[in-house]
>>> print(open('query-v5.pdb').read())   # PDB, C-alpha atoms
ATOM      1  CA  MET A   1     -16.790  15.539  35.195
ATOM      2  CA  GLY A   2     -17.724  18.654  37.072
ATOM      3  CA  ALA A   3     -20.099  20.077  39.634
ATOM      4  CA  LYS A   4     -20.819  23.587  40.787
ATOM      5  CA  ALA A   5     -19.376  24.725  44.087
ATOM      6  CA  LEU A   6     -21.465  27.132  46.131
ATOM      7  CA  SER A   7     -19.773  28.148  49.341
ATOM      8  CA  GLN A   8     -17.154  25.449  49.406
ATOM      9  CA  GLN A   9     -15.310  23.184  47.011
ATOM     10  CA  PRO A  10     -17.176  19.928  46.367
ATOM     11  CA  GLN A  11     -15.427  16.940  47.841
ATOM     12  CA  LYS A  12     -13.542  14.966  45.228
ATOM     13  CA  THR A  13     -13.780  11.210  45.266
ATOM     14  CA  LYS A  14     -11.523   8.759  43.503
ATOM     15  CA  THR A  15     -13.257   5.650  42.242
ATOM     16  CA  THR A  16     -11.552   2.724  40.575
ATOM     17  CA  VAL A  17     -13.693   0.984  37.997
ATOM     18  CA  ASP A  18     -13.198  -1.890  35.621
ATOM     19  CA  ILE A  19     -14.181  -1.242  32.021
ATOM     20  CA  TYR A  20     -13.726  -3.985  29.486
ATOM     21  CA  GLY A  21     -10.972  -5.674  31.475
ATOM     22  CA  GLN A  22      -8.981  -2.542  32.261
ATOM     23  CA  GLN A  23      -8.891  -0.519  35.441
ATOM     24  CA  TYR A  24      -9.529   3.212  35.477
ATOM     25  CA  SER A  25      -9.238   5.666  38.352
ATOM     26  CA  ILE A  26     -11.874   8.323  37.950
ATOM     27  CA  VAL A  27     -11.678  11.462  40.035
ATOM     28  CA  GLY A  28     -14.751  13.624  40.316
ATOM     29  CA  SER A  29     -17.243  15.253  42.581
ATOM     30  CA  GLU A  30     -19.928  12.706  41.724
ATOM     31  CA  SER A  31     -20.801   9.824  44.002
ATOM     32  CA  THR A  32     -19.019   6.527  43.681
ATOM     33  CA  SER A  33     -22.313   4.887  42.715
ATOM     34  CA  HIS A  34     -22.812   7.380  39.867
ATOM     35  CA  ILE A  35     -19.304   6.708  38.550
ATOM     36  CA  ARG A  36     -19.895   2.962  38.777
ATOM     37  CA  LEU A  37     -23.151   3.353  36.842
ATOM     38  CA  VAL A  38     -21.411   5.365  34.095
ATOM     39  CA  ALA A  39     -18.620   2.763  33.880
ATOM     40  CA  SER A  40     -21.083  -0.120  33.642
ATOM     41  CA  ILE A  41     -22.964   1.611  30.803
ATOM     42  CA  VAL A  42     -19.710   2.048  28.849
ATOM     43  CA  ASP A  43     -18.726  -1.573  29.566
ATOM     44  CA  ASP A  44     -22.130  -2.851  28.379
ATOM     45  CA  LYS A  45     -21.996  -0.742  25.211
ATOM     46  CA  MET A  46     -18.492  -2.028  24.406
ATOM     47  CA  SER A  47     -19.616  -5.637  24.874
ATOM     48  CA  ASP A  48     -22.674  -4.999  22.729
ATOM     49  CA  ILE A  49     -20.663  -3.453  19.868
ATOM     50  CA  ASN A  50     -18.030  -6.182  20.177
ATOM     51  CA  SER A  51     -20.666  -8.899  19.799
ATOM     52  CA  LYS A  52     -21.723  -7.330  16.476
ATOM     53  CA  ASN A  53     -18.136  -6.623  15.306
ATOM     54  CA  PRO A  54     -15.931  -9.315  16.856
ATOM     55  CA  TYR A  55     -12.867  -8.424  14.794
ATOM     56  CA  LEU A  56     -12.462  -4.854  16.013
ATOM     57  CA  ASP A  57      -9.412  -4.096  18.116
ATOM     58  CA  ILE A  58     -10.081  -2.590  21.547
ATOM     59  CA  ASN A  59      -9.045   0.896  20.478
ATOM     60  CA  LYS A  60     -11.474   1.040  17.529
ATOM     61  CA  LEU A  61     -14.113  -0.609  19.718
ATOM     62  CA  ALA A  62     -13.779   2.159  22.300
ATOM     63  CA  VAL A  63     -13.938   4.893  19.650
ATOM     64  CA  LEU A  64     -17.034   3.342  18.044
ATOM     65  CA  THR A  65     -18.602   3.079  21.499
ATOM     66  CA  ALA A  66     -18.044   6.807  21.929
ATOM     67  CA  VAL A  67     -19.551   7.389  18.468
ATOM     68  CA  ASN A  68     -22.669   5.423  19.426
ATOM     69  CA  ILE A  69     -23.085   7.286  22.692
ATOM     70  CA  VAL A  70     -22.726  10.693  20.993
ATOM     71  CA  HIS A  71     -25.376   9.585  18.516
ATOM     72  CA  ASP A  72     -27.732   8.692  21.406
ATOM     73  CA  TYR A  73     -26.858  11.991  23.088
ATOM     74  CA  LEU A  74     -27.762  14.050  20.008
ATOM     75  CA  LYS A  75     -31.050  12.153  19.630
ATOM     76  CA  LEU A  76     -31.951  12.889  23.259
ATOM     77  CA  LYS A  77     -30.838  16.526  22.876
ATOM     78  CA  ASP A  78     -33.164  16.884  19.905
ATOM     79  CA  GLU A  79     -36.097  15.461  21.912
ATOM     80  CA  HIS A  80     -35.173  17.678  24.838
ATOM     81  CA  GLU A  81     -35.222  20.822  22.682
ATOM     82  CA  LYS A  82     -38.631  19.855  21.297
ATOM     83  CA  LEU A  83     -39.945  19.391  24.822
ATOM     84  CA  GLU A  84     -38.516  22.764  25.872
ATOM     85  CA  MET A  85     -40.313  24.398  22.943
ATOM     86  CA  GLN A  86     -43.579  22.677  23.894
ATOM     87  CA  LEU A  87     -43.268  23.885  27.465
ATOM     88  CA  THR A  88     -42.421  27.448  26.395
ATOM     89  CA  GLN A  89     -45.426  27.405  24.065
ATOM     90  CA  ARG A  90     -47.736  26.273  26.873
ATOM     91  CA  ILE A  91     -46.446  28.936  29.253
ATOM     92  CA  GLN A  92     -46.992  31.532  26.504
ATOM     93  CA  ASN A  93     -50.547  30.275  25.845
ATOM     94  CA  GLU A  94     -51.386  30.485  29.531
ATOM     95  CA  LYS A  95     -50.325  34.133  29.563
ATOM     96  CA  ASP A  96     -52.413  35.028  26.481
TER
ATOM     97  CA  MET B   1     -27.247   3.454  14.805
ATOM     98  CA  GLY B   2     -30.851   2.811  13.886
ATOM     99  CA  ALA B   3     -33.902   4.400  12.382
ATOM    100  CA  LYS B   4     -37.488   3.267  12.060
ATOM    101  CA  ALA B   5     -38.653   1.885   8.749
ATOM    102  CA  LEU B   6     -42.239   2.596   7.764
ATOM    103  CA  SER B   7     -43.177   1.090   4.429
ATOM    104  CA  GLN B   8     -39.700   0.395   3.200
ATOM    105  CA  GLN B   9     -36.229  -0.210   4.560
ATOM    106  CA  PRO B  10     -34.312   3.027   5.153
ATOM    107  CA  GLN B  11     -31.464   3.527   2.741
ATOM    108  CA  LYS B  12     -28.121   2.696   4.323
ATOM    109  CA  THR B  13     -25.213   4.990   3.747
ATOM    110  CA  LYS B  14     -21.550   4.283   4.340
ATOM    111  CA  THR B  15     -19.532   7.244   5.544
ATOM    112  CA  THR B  16     -15.804   7.237   6.150
ATOM    113  CA  VAL B  17     -14.706   9.551   8.925
ATOM    114  CA  ASP B  18     -11.422  10.375  10.554
ATOM    115  CA  ILE B  19     -11.379  10.260  14.347
ATOM    116  CA  TYR B  20      -8.171  11.025  16.162
ATOM    117  CA  GLY B  21      -6.023  10.044  13.196
ATOM    118  CA  GLN B  22      -7.780   6.783  12.385
ATOM    119  CA  GLN B  23     -10.318   6.079   9.697
ATOM    120  CA  TYR B  24     -13.688   4.513  10.446
ATOM    121  CA  SER B  25     -16.379   3.347   8.037
ATOM    122  CA  ILE B  26     -19.739   3.943   9.607
ATOM    123  CA  VAL B  27     -22.798   2.338   8.089
ATOM    124  CA  GLY B  28     -26.172   3.668   9.083
ATOM    125  CA  SER B  29     -29.436   5.136   7.949
ATOM    126  CA  GLU B  30     -28.454   8.629   9.110
ATOM    127  CA  SER B  31     -27.234  11.316   6.760
ATOM    128  CA  THR B  32     -23.559  11.662   5.997
ATOM    129  CA  SER B  33     -23.599  15.118   7.607
ATOM    130  CA  HIS B  34     -25.035  13.685  10.844
ATOM    131  CA  ILE B  35     -22.336  11.005  10.955
ATOM    132  CA  ARG B  36     -19.649  13.631  10.314
ATOM    133  CA  LEU B  37     -21.036  15.757  13.134
ATOM    134  CA  VAL B  38     -20.991  12.791  15.552
ATOM    135  CA  ALA B  39     -17.422  11.930  14.531
ATOM    136  CA  SER B  40     -16.238  15.511  15.018
ATOM    137  CA  ILE B  41     -17.767  15.634  18.509
ATOM    138  CA  VAL B  42     -15.909  12.428  19.468
ATOM    139  CA  ASP B  43     -12.692  13.755  17.929
ATOM    140  CA  ASP B  44     -13.017  17.064  19.835
ATOM    141  CA  LYS B  45     -13.725  15.273  23.129
ATOM    142  CA  MET B  46     -10.703  13.015  22.664
ATOM    143  CA  SER B  47      -8.456  16.022  21.969
ATOM    144  CA  ASP B  48      -9.889  17.805  24.984
ATOM    145  CA  ILE B  49      -9.306  14.854  27.341
ATOM    146  CA  ASN B  50      -5.859  14.284  25.850
ATOM    147  CA  SER B  51      -4.848  17.887  26.560
ATOM    148  CA  LYS B  52      -5.690  17.338  30.233
ATOM    149  CA  ASN B  53      -4.124  13.843  30.410
ATOM    150  CA  PRO B  54      -1.288  13.783  27.866
ATOM    151  CA  TYR B  55       0.137  10.463  29.032
ATOM    152  CA  LEU B  56      -2.924   8.334  28.352
ATOM    153  CA  ASP B  57      -2.626   5.747  25.595
ATOM    154  CA  ILE B  58      -5.205   6.015  22.799
ATOM    155  CA  ASN B  59      -7.214   3.053  24.076
ATOM    156  CA  LYS B  60      -7.659   4.482  27.568
ATOM    157  CA  LEU B  61      -8.282   7.901  26.032
ATOM    158  CA  ALA B  62     -11.130   6.501  23.920
ATOM    159  CA  VAL B  63     -12.650   4.684  26.915
ATOM    160  CA  LEU B  64     -12.458   7.818  29.082
ATOM    161  CA  THR B  65     -14.046   9.793  26.255
ATOM    162  CA  ALA B  66     -16.934   7.308  26.269
ATOM    163  CA  VAL B  67     -17.142   7.664  30.076
ATOM    164  CA  ASN B  68     -17.392  11.457  29.761
ATOM    165  CA  ILE B  69     -20.070  11.271  27.109
ATOM    166  CA  VAL B  70     -22.160   8.802  29.137
ATOM    167  CA  HIS B  71     -21.875  11.191  32.086
ATOM    168  CA  ASP B  72     -23.173  14.063  29.899
ATOM    169  CA  TYR B  73     -25.916  11.768  28.568
ATOM    170  CA  LEU B  74     -27.141  10.867  32.066
ATOM    171  CA  LYS B  75     -27.147  14.531  33.089
ATOM    172  CA  LEU B  76     -29.243  15.441  30.052
ATOM    173  CA  LYS B  77     -31.546  12.461  30.651
ATOM    174  CA  ASP B  78     -32.130  13.680  34.187
ATOM    175  CA  GLU B  79     -33.012  17.192  32.954
ATOM    176  CA  HIS B  80     -35.213  15.675  30.260
ATOM    177  CA  GLU B  81     -37.180  13.638  32.800
ATOM    178  CA  LYS B  82     -37.680  16.734  34.971
ATOM    179  CA  LEU B  83     -38.977  18.641  31.953
ATOM    180  CA  GLU B  84     -41.339  15.786  31.072
ATOM    181  CA  MET B  85     -42.697  15.903  34.623
ATOM    182  CA  GLN B  86     -43.175  19.671  34.408
ATOM    183  CA  LEU B  87     -45.050  19.344  31.152
ATOM    184  CA  THR B  88     -47.251  16.531  32.488
ATOM    185  CA  GLN B  89     -47.994  18.657  35.549
ATOM    186  CA  ARG B  90     -49.019  21.629  33.415
ATOM    187  CA  ILE B  91     -51.268  19.502  31.225
ATOM    188  CA  GLN B  92     -52.846  18.084  34.392
ATOM    189  CA  ASN B  93     -53.355  21.578  35.876
ATOM    190  CA  GLU B  94     -55.031  22.772  32.682
ATOM    191  CA  LYS B  95     -57.532  19.908  32.942
ATOM    192  CA  ASP B  96     -58.369  20.604  36.612
TER
END
>>> encode(input="query-v5.pdb", output="structure tokens")
Amino acid sequence: MGAKALSQQPQKTKTTVDIYGQQYSIVGSESTSHIRLVASIVDDKMSDINSKNPYLDINKLAVLTAVNIVHDYLKLKDEHEKLEMQLTQRIQNEKD
Amino acid sequence: MGAKALSQQPQKTKTTVDIYGQQYSIVGSESTSHIRLVASIVDDKMSDINSKNPYLDINKLAVLTAVNIVHDYLKLKDEHEKLEMQLTQRIQNEKD
């Protein structure tokens, strides 16, 4: 994870989270609450995929969780680009 | 993954992809090329995280990949919501 530094380096925090029964130390410039939120989303997704595919080993489960999240990301990115185009179009129309 | 059905069920495709040396069969209504794109993004992210943390086992690597992608997702979601607000504001201003 990253954040932009302006005049000084952002303070790094180390947060220990539990995801699917394993502990992870995550170092980043984000707040502890943000890191906990991210971890809980991954944990929920893994539980959700596990409930539909109970015979997957944890490694495949984690990879398929990542696959699902990338899919959601691309869907949102697509919507975001459409919205950007709409906004650009409106700004252009206001100028005309 | 999911897609909305209108008058008929969307056709399901089964695509086999290779992610980080393991094969996965992914069933979904998305195109094979979309599934391959998603898989390659996950594979790239895993390689990227592995290069920075070479001693992680594959399971932890996959979980941390999911964590990174959720972080990116939340960042994009935040930008998306700001853009939605901007657009709503513009539409409102045009009415006034």
>>> resolve_selection(input="query-v5.pdb", expression="the ChimeraX specification (/A :<7) & /B", output="JSON, numbers by chain")
{"B": [1, 38, 39, 42, 58, 59, 62, 63, 65, 66, 67, 68, 69, 70, 71, 73, 80, 87]}
>>> atom_distance(input="query-v5.pdb", atom1="atom CA of Asp78 of chain B", atom2="atom CA of Ile49 of chain A")
25.1 Å
>>> calpha_fit_and_write(input="query-v5.pdb", fixed="chain A", moving="chain B", output="PDB file with C-alpha atoms, keeping the file's coordinate frame")
ATOM      1  CA  MET B   1     -16.697  15.517  35.195  1.00  0.00           C
ATOM      2  CA  GLY B   2     -17.703  18.664  37.020  1.00  0.00           C
ATOM      3  CA  ALA B   3     -20.088  20.026  39.580  1.00  0.00           C
ATOM      4  CA  LYS B   4     -20.858  23.528  40.760  1.00  0.00           C
ATOM      5  CA  ALA B   5     -19.352  24.708  44.011  1.00  0.00           C
ATOM      6  CA  LEU B   6     -21.436  27.078  46.102  1.00  0.00           C
ATOM      7  CA  SER B   7     -19.709  28.138  49.290  1.00  0.00           C
ATOM      8  CA  GLN B   8     -17.051  25.489  49.322  1.00  0.00           C
ATOM      9  CA  GLN B   9     -15.219  23.214  46.927  1.00  0.00           C
ATOM     10  CA  PRO B  10     -17.079  19.949  46.307  1.00  0.00           C
ATOM     11  CA  GLN B  11     -15.370  16.957  47.824  1.00  0.00           C
ATOM     12  CA  LYS B  12     -13.481  14.949  45.223  1.00  0.00           C
ATOM     13  CA  THR B  13     -13.738  11.210  45.269  1.00  0.00           C
ATOM     14  CA  LYS B  14     -11.505   8.711  43.525  1.00  0.00           C
ATOM     15  CA  THR B  15     -13.266   5.616  42.256  1.00  0.00           C
ATOM     16  CA  THR B  16     -11.577   2.678  40.590  1.00  0.00           C
ATOM     17  CA  VAL B  17     -13.723   0.948  38.009  1.00  0.00           C
ATOM     18  CA  ASP B  18     -13.229  -1.924  35.637  1.00  0.00           C
ATOM     19  CA  ILE B  19     -14.211  -1.279  32.028  1.00  0.00           C
ATOM     20  CA  TYR B  20     -13.761  -4.026  29.493  1.00  0.00           C
ATOM     21  CA  GLY B  21     -11.031  -5.715  31.509  1.00  0.00           C
ATOM     22  CA  GLN B  22      -9.008  -2.602  32.284  1.00  0.00           C
ATOM     23  CA  GLN B  23      -8.921  -0.578  35.455  1.00  0.00           C
ATOM     24  CA  TYR B  24      -9.539   3.162  35.495  1.00  0.00           C
ATOM     25  CA  SER B  25      -9.231   5.614  38.376  1.00  0.00           C
ATOM     26  CA  ILE B  26     -11.848   8.278  37.973  1.00  0.00           C
ATOM     27  CA  VAL B  27     -11.623  11.418  40.053  1.00  0.00           C
ATOM     28  CA  GLY B  28     -14.680  13.592  40.311  1.00  0.00           C
ATOM     29  CA  SER B  29     -17.179  15.255  42.566  1.00  0.00           C
ATOM     30  CA  GLU B  30     -19.880  12.703  41.724  1.00  0.00           C
ATOM     31  CA  SER B  31     -20.787   9.834  44.000  1.00  0.00           C
ATOM     32  CA  THR B  32     -19.016   6.521  43.695  1.00  0.00           C
ATOM     33  CA  SER B  33     -22.325   4.895  42.724  1.00  0.00           C
ATOM     34  CA  HIS B  34     -22.807   7.388  39.869  1.00  0.00           C
ATOM     35  CA  ILE B  35     -19.303   6.693  38.557  1.00  0.00           C
ATOM     36  CA  ARG B  36     -19.923   2.939  38.781  1.00  0.00           C
ATOM     37  CA  LEU B  37     -23.168   3.347  36.857  1.00  0.00           C
ATOM     38  CA  VAL B  38     -21.422   5.350  34.103  1.00  0.00           C
ATOM     39  CA  ALA B  39     -18.643   2.752  33.886  1.00  0.00           C
ATOM     40  CA  SER B  40     -21.119  -0.123  33.634  1.00  0.00           C
ATOM     41  CA  ILE B  41     -22.992   1.622  30.808  1.00  0.00           C
ATOM     42  CA  VAL B  42     -19.723   2.043  28.862  1.00  0.00           C
ATOM     43  CA  ASP B  43     -18.758  -1.568  29.576  1.00  0.00           C
ATOM     44  CA  ASP B  44     -22.175  -2.831  28.386  1.00  0.00           C
ATOM     45  CA  LYS B  45     -22.018  -0.724  25.209  1.00  0.00           C
ATOM     46  CA  MET B  46     -18.531  -2.010  24.411  1.00  0.00           C
ATOM     47  CA  SER B  47     -19.666  -5.626  24.873  1.00  0.00           C
ATOM     48  CA  ASP B  48     -22.710  -4.958  22.726  1.00  0.00           C
ATOM     49  CA  ILE B  49     -20.690  -3.412  19.874  1.00  0.00           C
ATOM     50  CA  ASN B  50     -18.074  -6.149  20.181  1.00  0.00           C
ATOM     51  CA  SER B  51     -20.719  -8.859  19.773  1.00  0.00           C
ATOM     52  CA  LYS B  52     -21.753  -7.271  16.470  1.00  0.00           C
ATOM     53  CA  ASN B  53     -18.168  -6.579  15.302  1.00  0.00           C
ATOM     54  CA  PRO B  54     -15.968  -9.271  16.861  1.00  0.00           C
ATOM     55  CA  TYR B  55     -12.882  -8.401  14.828  1.00  0.00           C
ATOM     56  CA  LEU B  56     -12.473  -4.832  16.038  1.00  0.00           C
ATOM     57  CA  ASP B  57      -9.413  -4.086  18.150  1.00  0.00           C
ATOM     58  CA  ILE B  58     -10.109  -2.585  21.586  1.00  0.00           C
ATOM     59  CA  ASN B  59      -9.060   0.906  20.511  1.00  0.00           C
ATOM     60  CA  LYS B  60     -11.460   1.042  17.569  1.00  0.00           C
ATOM     61  CA  LEU B  61     -14.120  -0.598  19.731  1.00  0.00           C
ATOM     62  CA  ALA B  62     -13.785   2.159  22.342  1.00  0.00           C
ATOM     63  CA  VAL B  63     -13.925   4.894  19.680  1.00  0.00           C
ATOM     64  CA  LEU B  64     -17.017   3.349  18.066  1.00  0.00           C
ATOM     65  CA  THR B  65     -18.605   3.089  21.504  1.00  0.00           C
ATOM     66  CA  ALA B  66     -18.019   6.826  21.953  1.00  0.00           C
ATOM     67  CA  VAL B  67     -19.515   7.416  18.478  1.00  0.00           C
ATOM     68  CA  ASN B  68     -22.648   5.463  19.436  1.00  0.00           C
ATOM     69  CA  ILE B  69     -23.064   7.320  22.695  1.00  0.00           C
ATOM     70  CA  VAL B  70     -22.676  10.725  21.012  1.00  0.00           C
ATOM     71  CA  HIS B  71     -25.339   9.644  18.517  1.00  0.00           C
ATOM     72  CA  ASP B  72     -27.700   8.753  21.406  1.00  0.00           C
ATOM     73  CA  TYR B  73     -26.808  12.049  23.110  1.00  0.00           C
ATOM     74  CA  LEU B  74     -27.695  14.116  20.030  1.00  0.00           C
ATOM     75  CA  LYS B  75     -30.987  12.252  19.634  1.00  0.00           C
ATOM     76  CA  LEU B  76     -31.897  12.963  23.255  1.00  0.00           C
ATOM     77  CA  LYS B  77     -30.785  16.594  22.904  1.00  0.00           C
ATOM     78  CA  ASP B  78     -33.095  16.967  19.928  1.00  0.00           C
ATOM     79  CA  GLU B  79     -36.047  15.536  21.895  1.00  0.00           C
ATOM     80  CA  HIS B  80     -35.126  17.736  24.846  1.00  0.00           C
ATOM     81  CA  GLU B  81     -35.178  20.884  22.712  1.00  0.00           C
ATOM     82  CA  LYS B  82     -38.585  19.925  21.290  1.00  0.00           C
ATOM     83  CA  LEU B  83     -39.917  19.434  24.813  1.00  0.00           C
ATOM     84  CA  GLU B  84     -38.507  22.803  25.894  1.00  0.00           C
ATOM     85  CA  MET B  85     -40.307  24.422  22.961  1.00  0.00           C
ATOM     86  CA  GLN B  86     -43.562  22.684  23.888  1.00  0.00           C
ATOM     87  CA  LEU B  87     -43.288  23.867  27.459  1.00  0.00           C
ATOM     88  CA  THR B  88     -42.474  27.441  26.408  1.00  0.00           C
ATOM     89  CA  GLN B  89     -45.467  27.363  24.068  1.00  0.00           C
ATOM     90  CA  ARG B  90     -47.789  26.202  26.842  1.00  0.00           C
ATOM     91  CA  ILE B  91     -46.540  28.862  29.238  1.00  0.00           C
ATOM     92  CA  GLN B  92     -47.084  31.451  26.494  1.00  0.00           C
ATOM     93  CA  ASN B  93     -50.622  30.167  25.785  1.00  0.00           C
ATOM     94  CA  GLU B  94     -51.510  30.352  29.475  1.00  0.00           C
ATOM     95  CA  LYS B  95     -50.492  34.024  29.519  1.00  0.00           C
ATOM     96  CA  ASP B  96     -52.540  34.916  26.410  1.00  0.00           C
TER      97      ASP B  96
END
>>> resolve_selection(input="query-v5.pdb", expression="the PyMOL selection byres ((chain B and resi 12) around 8)", output="VMD selection string")
chain B and resid 10 to 11 13 to 14 27 to 30
>>> write_last_selection(input="query-v5.pdb", atoms="C-alpha atoms", output="CSV table (one decimal), in the frame of the given file")
chain,number,residue,atom,x,y,z
B,10,PRO,CA,-34.3,3.0,5.2
B,11,GLN,CA,-31.5,3.5,2.7
B,13,THR,CA,-25.2,5.0,3.7
B,14,LYS,CA,-21.6,4.3,4.3
B,27,VAL,CA,-22.8,2.3,8.1
B,28,GLY,CA,-26.2,3.7,9.1
B,29,SER,CA,-29.4,5.1,7.9
B,30,GLU,CA,-28.5,8.6,9.1
>>> atom_distance(input="query-v5.pdb", atom1="atom CA of Lys52 of chain A", atom2="atom CA of Asp48 of chain B")
29.1 Å
>>> closest_residue(input="query-v5.pdb", among="A:Ser33, A:Asn53, A:Gln89, A:Ser47", to="Gly21 of chain A", atoms="all atoms listed in the file")
A:Ser47
>>> atom_distance(input="query-v5.pdb", atom1="atom CA of Thr15 of chain B", atom2="atom CA of Arg36 of chain B")
8.0 Å
>>> decode(input="query-v5.pdb", residues="segment 11-28 of chain B", atoms="N, CA, C and O atoms", output="PDB file, in the first residue's frame")
ATOM      1  N   GLN B  11     -25.216 -17.751 -21.048  1.00  0.00           N
ATOM      2  CA  GLN B  11     -24.477 -18.980 -21.294  1.00  0.00           C
ATOM      3  C   GLN B  11     -23.246 -19.039 -20.396  1.00  0.00           C
ATOM      4  O   GLN B  11     -22.513 -18.064 -20.288  1.00  0.00           O
ATOM      5  N   LYS B  12     -23.051 -20.156 -19.737  1.00  0.00           N
ATOM      6  CA  LYS B  12     -21.890 -20.291 -18.853  1.00  0.00           C
ATOM      7  C   LYS B  12     -20.714 -20.853 -19.646  1.00  0.00           C
ATOM      8  O   LYS B  12     -20.872 -21.762 -20.437  1.00  0.00           O
ATOM      9  N   THR B  13     -19.561 -20.271 -19.389  1.00  0.00           N
ATOM     10  CA  THR B  13     -18.368 -20.798 -20.031  1.00  0.00           C
ATOM     11  C   THR B  13     -17.428 -21.298 -18.941  1.00  0.00           C
ATOM     12  O   THR B  13     -17.447 -20.806 -17.820  1.00  0.00           O
ATOM     13  N   LYS B  14     -16.629 -22.286 -19.294  1.00  0.00           N
ATOM     14  CA  LYS B  14     -15.632 -22.799 -18.363  1.00  0.00           C
ATOM     15  C   LYS B  14     -14.259 -22.499 -18.956  1.00  0.00           C
ATOM     16  O   LYS B  14     -13.970 -22.912 -20.074  1.00  0.00           O
ATOM     17  N   THR B  15     -13.468 -21.743 -18.236  1.00  0.00           N
ATOM     18  CA  THR B  15     -12.155 -21.365 -18.742  1.00  0.00           C
ATOM     19  C   THR B  15     -11.090 -21.870 -17.777  1.00  0.00           C
ATOM     20  O   THR B  15     -11.215 -21.689 -16.567  1.00  0.00           O
ATOM     21  N   THR B  16     -10.092 -22.510 -18.307  1.00  0.00           N
ATOM     22  CA  THR B  16      -8.985 -22.972 -17.465  1.00  0.00           C
ATOM     23  C   THR B  16      -7.839 -21.976 -17.584  1.00  0.00           C
ATOM     24  O   THR B  16      -7.411 -21.648 -18.683  1.00  0.00           O
ATOM     25  N   VAL B  17      -7.424 -21.467 -16.433  1.00  0.00           N
ATOM     26  CA  VAL B  17      -6.326 -20.495 -16.438  1.00  0.00           C
ATOM     27  C   VAL B  17      -5.209 -20.979 -15.526  1.00  0.00           C
ATOM     28  O   VAL B  17      -5.423 -21.803 -14.641  1.00  0.00           O
ATOM     29  N   ASP B  18      -4.045 -20.424 -15.761  1.00  0.00           N
ATOM     30  CA  ASP B  18      -2.885 -20.755 -14.952  1.00  0.00           C
ATOM     31  C   ASP B  18      -2.537 -19.521 -14.107  1.00  0.00           C
ATOM     32  O   ASP B  18      -2.319 -18.440 -14.645  1.00  0.00           O
ATOM     33  N   ILE B  19      -2.595 -19.679 -12.803  1.00  0.00           N
ATOM     34  CA  ILE B  19      -2.218 -18.564 -11.925  1.00  0.00           C
ATOM     35  C   ILE B  19      -1.112 -19.048 -11.007  1.00  0.00           C
ATOM     36  O   ILE B  19      -1.303 -19.976 -10.218  1.00  0.00           O
ATOM     37  N   TYR B  20       0.029 -18.425 -11.138  1.00  0.00           N
ATOM     38  CA  TYR B  20       1.163 -18.707 -10.276  1.00  0.00           C
ATOM     39  C   TYR B  20       1.470 -20.210 -10.221  1.00  0.00           C
ATOM     40  O   TYR B  20       1.652 -20.795  -9.147  1.00  0.00           O
ATOM     41  N   GLY B  21       1.455 -20.815 -11.413  1.00  0.00           N
ATOM     42  CA  GLY B  21       1.856 -22.214 -11.540  1.00  0.00           C
ATOM     43  C   GLY B  21       0.793 -23.243 -11.221  1.00  0.00           C
ATOM     44  O   GLY B  21       1.046 -24.444 -11.282  1.00  0.00           O
ATOM     45  N   GLN B  22      -0.419 -22.763 -10.881  1.00  0.00           N
ATOM     46  CA  GLN B  22      -1.498 -23.729 -10.622  1.00  0.00           C
ATOM     47  C   GLN B  22      -2.653 -23.498 -11.571  1.00  0.00           C
ATOM     48  O   GLN B  22      -2.924 -22.345 -11.956  1.00  0.00           O
ATOM     49  N   GLN B  23      -3.332 -24.576 -11.916  1.00  0.00           N
ATOM     50  CA  GLN B  23      -4.454 -24.429 -12.842  1.00  0.00           C
ATOM     51  C   GLN B  23      -5.777 -24.262 -12.098  1.00  0.00           C
ATOM     52  O   GLN B  23      -6.020 -24.909 -11.079  1.00  0.00           O
ATOM     53  N   TYR B  24      -6.608 -23.395 -12.636  1.00  0.00           N
ATOM     54  CA  TYR B  24      -7.931 -23.138 -12.060  1.00  0.00           C
ATOM     55  C   TYR B  24      -8.974 -23.182 -13.163  1.00  0.00           C
ATOM     56  O   TYR B  24      -8.772 -22.593 -14.227  1.00  0.00           O
ATOM     57  N   SER B  25     -10.090 -23.882 -12.887  1.00  0.00           N
ATOM     58  CA  SER B  25     -11.212 -23.866 -13.823  1.00  0.00           C
ATOM     59  C   SER B  25     -12.198 -22.840 -13.315  1.00  0.00           C
ATOM     60  O   SER B  25     -12.710 -22.966 -12.202  1.00  0.00           O
ATOM     61  N   ILE B  26     -12.451 -21.839 -14.112  1.00  0.00           N
ATOM     62  CA  ILE B  26     -13.364 -20.790 -13.678  1.00  0.00           C
ATOM     63  C   ILE B  26     -14.610 -20.812 -14.545  1.00  0.00           C
ATOM     64  O   ILE B  26     -14.547 -20.733 -15.775  1.00  0.00           O
ATOM     65  N   VAL B  27     -15.746 -20.987 -13.865  1.00  0.00           N
ATOM     66  CA  VAL B  27     -17.022 -21.050 -14.568  1.00  0.00           C
ATOM     67  C   VAL B  27     -17.720 -19.715 -14.366  1.00  0.00           C
ATOM     68  O   VAL B  27     -17.810 -19.212 -13.243  1.00  0.00           O
ATOM     69  N   GLY B  28     -18.200 -19.151 -15.443  1.00  0.00           N
ATOM     70  CA  GLY B  28     -18.894 -17.874 -15.308  1.00  0.00           C
ATOM     71  C   GLY B  28     -19.550 -17.479 -16.597  1.00  0.00           C
ATOM     72  O   GLY B  28     -19.399 -18.150 -17.615  1.00  0.00           O
TER      73      GLY B  28
END
